[in-house]
Every structure is written in structure tokens, then in C-alpha cells.
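Input: a single structure, listed below in C-alpha cells.
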Amino acid sequence: MANAGAKKWDDRYREKEYAYGIKPNVFLKNQLEKLETGTILFGAEGEGRNAIYAQKLGYAVSAFDISIEAKNKALKLATQNDATIDYKVGELPNLDFKTESFDAVALIYAHFPPDIRKEYHKILHTLLKPGGRIIFEAFSKNHLKYKAENPSVGGPGNEAVLFSIDELKRDFKNYKVIQLEEKIIELNEGIYHNGKGSVIRFVAQKQ
């Protein structure tokens with residue numbers, strides 16, 4: 001992941017345009033507006049659109065990604081918005097975030113490779129405070145047919161990288177589930193998320 005994955009995303013984020021736009025994800029926006037502000041961590045944050053929105057709401061924001069180009073674009077966008085985010089680049093186990101230091105963890109299209117996903121989700125669980133929330137939206141395993149019909153909707157082409165409801169229940173067991181559903185939505189996010197796709201939306205509270 002560290003080499004091939006980082007190069008893939010560096011190449012994408014090196015483009016002039018913001019790959020997924022500069023507006024926050026709609027589901028995330030709606031969820032954040034329901035909560036009291038606090039500390040929040042964004043995983044696989046890319047070019048910063050969601051983290052910057054949270055910071056402007058009053059959250060203390062941290063983020064990570066494997067792409068240095070993602071961080072460069074995110075910090076540029078943050079400057080344009082008079083926002084400040086703590087953005088780290090690298091593999092999550094090496095980033096030294098403090099245990100139980102976040103009120104929320106946001107995973108918006110954070111499609112970690114299947115060989116490390118369970119470990120990453122376990123680490124993210126330890127970083128979340130008791131009573132904190134996971135806010136999640138990503139493509140489901142049923143998304144492949146939508147991607148085949150319309151490549152512009154984006155998303156991984158490998159079913160193993162996509163999500164199922166059962167996987168999320170296993171990875172975040174003993175959470176109070178607030179919302180967990182698979183849904184067909186219309187995406188309009190920048191260059192690479194446009195059209196109808198199948199997603200899973202998950203909001204849960206750590207007990």
C-alpha cells in the first residue's frame with residue numbers, strides 16, 4: 001500500500017482540479033450539523049474538503065492520508081478558507097495519534113485495502129473517546145454494477161475493497177448503531193464522483 005497506493009493517489013491529486021470538489025460530502029455535512037463541536041479525525045481525507053468544512057464549524061480537526069499531494073492540496077484549500085487542520089501523511093499505525101482523543105471519526109470513502117482494513121478500524125476504535133461517533137459513507141459491494149454502467153460515478157473496481165453491512169457490524173461491534181443502511185444515491189462530487197451509486201451509510205456511538 002505504501003508505495004503503489006501512494007503513487008496512485010499522488011498522481012490523482014497532482015492534477016490541478018480538486019478530484020472530488022471542494023464542497024463537503026452531503027451526508028457528512030448533515031451529520032456534523034447535528035453534533036456539538038469537538039475533536040474529529042478524518043481518515044483517508046484526500047484534498048481536505050470535509051476536514052476544512054468541519055474546522056469552519058468549530059471542530060478541532062486532524063486528518064491523515066498516504067498521499068503527500070493530497071496534503072499539499074488540502075493545506076492550499078485550508079489557506080484559502082482561513083482554516084487550520086493537523087494533517088499527517090503515512091500509514092495509520094505510524095502516525096502517533098493519541099488514544100481516546102477524538103469525539104468523532106469520519107470515514108468518507110475511506111476504502112482501505114482489505115488486508116489492512118480490519119487493523120485500521122481497530123486502531124480508529126482506540127482513538128475514539130467513549131461516547132464518540134463514527135460517521136461513515138462509502139461504496140457497497142453492490143456498487144460494481146453502477147460503476148460498470150457509468151464509470152464516471154467512480155469507486156474501486158475490486159469487490160474486496162468495497163463494503164458490506166455485515167463487515168461494518170463486525171469491525172465496530174459493541175457500538176450503539178444510530179444509522180446503518182445501504183442506499184442508492186446520486187453523487188455530484190468534483191470530477192470523479194458523478195452519477196448513481198450504491199453506498200453504505202453508518203453512524204454509531206462507541207460504548
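Labeling convention for the C-alpha cells: chains A, B, ... as they appear, residues from 1 per chain, ligands from 1 in order of appearance.
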
Quick one: contact table of stretch 146-187 of chain A to stretch 98-121 of chain A, 8 Å max, nearest atom pair and distance in Å to one decimal per residue, counting only C-alpha atoms, chain and number order, as a Markdown table?
```
| residue | atom | partner | partner_atom | distance |
| --- | --- | --- | --- | --- |
| A:Pro156 | CA | A:His111 | CA | 7.9 |
| A:Ala160 | CA | A:Pro114 | CA | 6.3 |
| A:Val161 | CA | A:Pro114 | CA | 5.8 |
| A:Leu162 | CA | A:His111 | CA | 6.8 |
| A:Asp171 | CA | A:Lys118 | CA | 6.5 |
| A:Phe172 | CA | A:His121 | CA | 7.6 |
```

Would you mind exporting the chosen residues as a CSV table (one decimal), in the first residue's frame, restricted to C-alpha atoms?
```
chain,number,residue,atom,x,y,z
A,156,PRO,CA,-13.0,0.9,-6.5
A,160,ALA,CA,-12.9,-6.8,-1.9
A,161,VAL,CA,-12.3,-3.1,-1.3
A,162,LEU,CA,-16.0,-2.4,-1.2
A,171,ASP,CA,-15.4,-4.2,12.7
A,172,PHE,CA,-17.4,-1.9,15.0
```

Per residue of stretch 12-114 of chain A within 9 Å of stretch 189-206 of chain A, which atom pair is closest and at what distance in Å (one decimal), using only C-alpha atoms, listed by chain and increasing number, as a Markdown table?
```
| residue | atom | partner | partner_atom | distance |
| --- | --- | --- | --- | --- |
| A:Glu17 | CA | A:Ile191 | CA | 8.0 |
| A:Tyr18 | CA | A:Gly190 | CA | 6.5 |
| A:Ala19 | CA | A:Ile191 | CA | 5.3 |
| A:Tyr20 | CA | A:Gly190 | CA | 3.9 |
| A:Gly21 | CA | A:Gly190 | CA | 3.8 |
| A:Ile22 | CA | A:Gly190 | CA | 7.5 |
| A:Lys23 | CA | A:Glu189 | CA | 7.7 |
| A:Pro24 | CA | A:Glu189 | CA | 8.7 |
| A:Asn25 | CA | A:Glu189 | CA | 7.7 |
| A:Phe27 | CA | A:Arg201 | CA | 8.1 |
| A:Gln31 | CA | A:Val203 | CA | 8.5 |
| A:Ala104 | CA | A:Gln205 | CA | 9.0 |
```

Keeping only N, CA, C and O atoms, write those residues as a compact mmCIF listing (two decimals), in the first residue's frame.
```txt
# COMPACT_ATOMS: atom_id res chain seq x y z
N GLU A 17 -7.28 20.37 -10.84
CA GLU A 17 -8.62 20.40 -10.27
C GLU A 17 -8.69 19.54 -9.01
O GLU A 17 -7.93 18.59 -8.84
N TYR A 18 -9.64 19.87 -8.14
CA TYR A 18 -9.86 19.05 -6.95
C TYR A 18 -10.69 17.84 -7.35
O TYR A 18 -11.81 17.98 -7.87
N ALA A 19 -10.14 16.66 -7.12
CA ALA A 19 -10.70 15.41 -7.65
C ALA A 19 -12.17 15.21 -7.27
O ALA A 19 -12.98 14.76 -8.08
N TYR A 20 -12.51 15.51 -6.02
CA TYR A 20 -13.87 15.30 -5.53
C TYR A 20 -14.52 16.63 -5.13
O TYR A 20 -15.46 16.65 -4.34
N GLY A 21 -14.01 17.70 -5.70
CA GLY A 21 -14.57 19.02 -5.45
C GLY A 21 -14.08 19.63 -4.14
O GLY A 21 -13.23 19.06 -3.44
N ILE A 22 -14.63 20.77 -3.83
CA ILE A 22 -14.23 21.48 -2.61
C ILE A 22 -15.38 21.64 -1.62
O ILE A 22 -15.21 22.18 -0.53
N LYS A 23 -16.55 21.13 -1.98
CA LYS A 23 -17.69 21.16 -1.05
C LYS A 23 -17.72 19.88 -0.23
O LYS A 23 -17.30 18.83 -0.70
N PRO A 24 -18.22 19.94 1.00
CA PRO A 24 -18.23 18.74 1.85
C PRO A 24 -19.20 17.70 1.33
O PRO A 24 -20.19 18.00 0.65
N ASN A 25 -18.93 16.46 1.66
CA ASN A 25 -19.87 15.37 1.39
C ASN A 25 -21.20 15.66 2.07
O ASN A 25 -21.24 16.08 3.23
N PHE A 27 -23.76 13.80 3.16
CA PHE A 27 -24.11 13.01 4.34
C PHE A 27 -23.30 13.46 5.55
O PHE A 27 -23.86 13.65 6.65
N GLN A 31 -24.61 15.17 9.17
CA GLN A 31 -24.30 14.57 10.46
C GLN A 31 -23.58 15.54 11.38
O GLN A 31 -23.89 15.64 12.57
N ALA A 104 -15.13 12.34 17.42
CA ALA A 104 -15.72 11.74 16.22
C ALA A 104 -14.61 11.29 15.28
O ALA A 104 -13.52 11.88 15.26
```

Residues within 8 Å of A:Ala51, only C-alpha atoms, excluding chain neighbours under 3 positions, as an MDAnalysis selection string: chainID A and resid 42 45 48 54:55 61:63 85

Please run DSSP on the backbone and report, as a tab-separated table (two decimals) with C-alpha atoms, in the first residue's frame, all residues within stretch 11-69 of chain A that come out as helix (DSSP H, G or I).
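Dumped to selection-v1.tsv:
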```
chain	number	residue	atom	x	y	z
A	11	ASP	CA	-0.89	11.10	-9.43
A	12	ARG	CA	-4.58	11.86	-9.00
A	13	TYR	CA	-4.14	14.67	-6.51
A	26	VAL	CA	-23.62	15.84	1.85
A	27	PHE	CA	-24.11	13.01	4.34
A	28	LEU	CA	-21.17	14.13	6.47
A	29	LYS	CA	-22.38	17.72	6.42
A	30	ASN	CA	-25.79	16.70	7.68
A	31	GLN	CA	-24.30	14.57	10.46
A	32	LEU	CA	-21.83	17.18	11.69
A	49	ARG	CA	-12.88	19.35	1.60
A	50	ASN	CA	-14.54	17.61	4.54
A	51	ALA	CA	-11.93	18.44	7.16
A	52	ILE	CA	-11.98	22.13	6.25
A	53	TYR	CA	-15.76	22.24	6.45
A	54	ALA	CA	-15.62	20.71	9.95
A	55	GLN	CA	-12.98	23.18	11.07
A	56	LYS	CA	-15.12	26.09	9.89
A	57	LEU	CA	-17.98	24.72	12.01
A	68	ILE	CA	1.66	13.92	0.16
A	69	GLU	CA	-0.03	15.53	-2.83
```

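Computed from the coordinates, the atom CA of A:Phe64 to atom CA of A:Arg133 distance equals 17.7 Å.
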
Distance of atom CA of A:Glu182 from atom CA of A:Gly154, expressed in Å to one decimal place: 17.2 Å

Which distance in Å separates atom CA of A:Gly38 and atom CA of A:Leu128, to one decimal?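 We find that atom CA of A:Gly38 and atom CA of A:Leu128 lie 11.8 Å from each other.
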
Which residue, A:Ile123, A:Glu181, A:Asn72, A:Gly131, has the smallest gap to A:Lys169 when you use only C-alpha atoms? A:Glu181

Within 9 Å of A:Lys71, counting only C-alpha atoms, which residues show up once you throw out same-chain ones fewer than 3 positions away? Write them as a list in words, please. Glu45, Gly46, Glu47, Gly48, Phe64, Asp65, Ile66, Ser67, Ile68, Ala74, Leu75, Lys76, Tyr87, Lys88 and Val89 of chain A

Please produce a file of the residues just selected, as a PDB file, in the first residue's frame, where the atoms kept are N, CA and C atoms.
```pdb
ATOM      1  N   GLU A  45      -8.293  11.351   4.036  1.00  0.00           N
ATOM      2  CA  GLU A  45      -9.011  12.617   3.837  1.00  0.00           C
ATOM      3  C   GLU A  45      -8.797  13.246   2.469  1.00  0.00           C
ATOM      4  N   GLY A  46      -7.778  12.830   1.734  1.00  0.00           N
ATOM      5  CA  GLY A  46      -7.613  13.405   0.401  1.00  0.00           C
ATOM      6  C   GLY A  46      -7.346  14.896   0.452  1.00  0.00           C
ATOM      7  N   GLU A  47      -8.057  15.647  -0.363  1.00  0.00           N
ATOM      8  CA  GLU A  47      -7.740  17.059  -0.582  1.00  0.00           C
ATOM      9  C   GLU A  47      -8.391  18.017   0.405  1.00  0.00           C
ATOM     10  N   GLY A  48      -9.012  17.489   1.462  1.00  0.00           N
ATOM     11  CA  GLY A  48      -9.358  18.324   2.598  1.00  0.00           C
ATOM     12  C   GLY A  48     -10.740  18.942   2.641  1.00  0.00           C
ATOM     13  N   PHE A  64      -5.570  12.273   8.114  1.00  0.00           N
ATOM     14  CA  PHE A  64      -4.412  11.542   7.585  1.00  0.00           C
ATOM     15  C   PHE A  64      -4.724  10.973   6.218  1.00  0.00           C
ATOM     16  N   ASP A  65      -3.669  10.736   5.457  1.00  0.00           N
ATOM     17  CA  ASP A  65      -3.762  10.129   4.130  1.00  0.00           C
ATOM     18  C   ASP A  65      -2.374   9.594   3.806  1.00  0.00           C
ATOM     19  N   ILE A  66      -2.294   8.718   2.794  1.00  0.00           N
ATOM     20  CA  ILE A  66      -0.973   8.223   2.378  1.00  0.00           C
ATOM     21  C   ILE A  66      -0.342   9.091   1.299  1.00  0.00           C
ATOM     22  N   SER A  67      -1.071  10.093   0.815  1.00  0.00           N
ATOM     23  CA  SER A  67      -0.604  10.907  -0.307  1.00  0.00           C
ATOM     24  C   SER A  67      -0.126  12.279   0.135  1.00  0.00           C
ATOM     25  N   ILE A  68       1.126  12.582  -0.129  1.00  0.00           N
ATOM     26  CA  ILE A  68       1.661  13.920   0.164  1.00  0.00           C
ATOM     27  C   ILE A  68       0.999  14.962  -0.719  1.00  0.00           C
ATOM     28  N   ALA A  74      -4.809  19.941   0.275  1.00  0.00           N
ATOM     29  CA  ALA A  74      -5.647  20.240   1.434  1.00  0.00           C
ATOM     30  C   ALA A  74      -5.177  21.506   2.142  1.00  0.00           C
ATOM     31  N   LEU A  75      -3.875  21.643   2.319  1.00  0.00           N
ATOM     32  CA  LEU A  75      -3.363  22.826   3.011  1.00  0.00           C
ATOM     33  C   LEU A  75      -3.554  24.086   2.174  1.00  0.00           C
ATOM     34  N   LYS A  76      -3.465  23.937   0.863  1.00  0.00           N
ATOM     35  CA  LYS A  76      -3.748  25.075  -0.023  1.00  0.00           C
ATOM     36  C   LYS A  76      -5.201  25.514   0.129  1.00  0.00           C
ATOM     37  N   TYR A  87      -2.687  17.754   9.633  1.00  0.00           N
ATOM     38  CA  TYR A  87      -2.758  16.755   8.564  1.00  0.00           C
ATOM     39  C   TYR A  87      -1.462  15.952   8.529  1.00  0.00           C
ATOM     40  N   LYS A  88      -1.583  14.647   8.761  1.00  0.00           N
ATOM     41  CA  LYS A  88      -0.413  13.770   8.766  1.00  0.00           C
ATOM     42  C   LYS A  88      -0.435  12.856   7.545  1.00  0.00           C
ATOM     43  N   VAL A  89       0.742  12.548   7.031  1.00  0.00           N
ATOM     44  CA  VAL A  89       0.877  11.671   5.869  1.00  0.00           C
ATOM     45  C   VAL A  89       1.597  10.398   6.278  1.00  0.00           C
TER      46      VAL A  89
END
```

Could you tell me, as number ranges by chain, which residues of stretch 77-168 of chain A DSSP assigns to strand (DSSP E) when given the backbone? A: 86-89, 102-108, 128-139
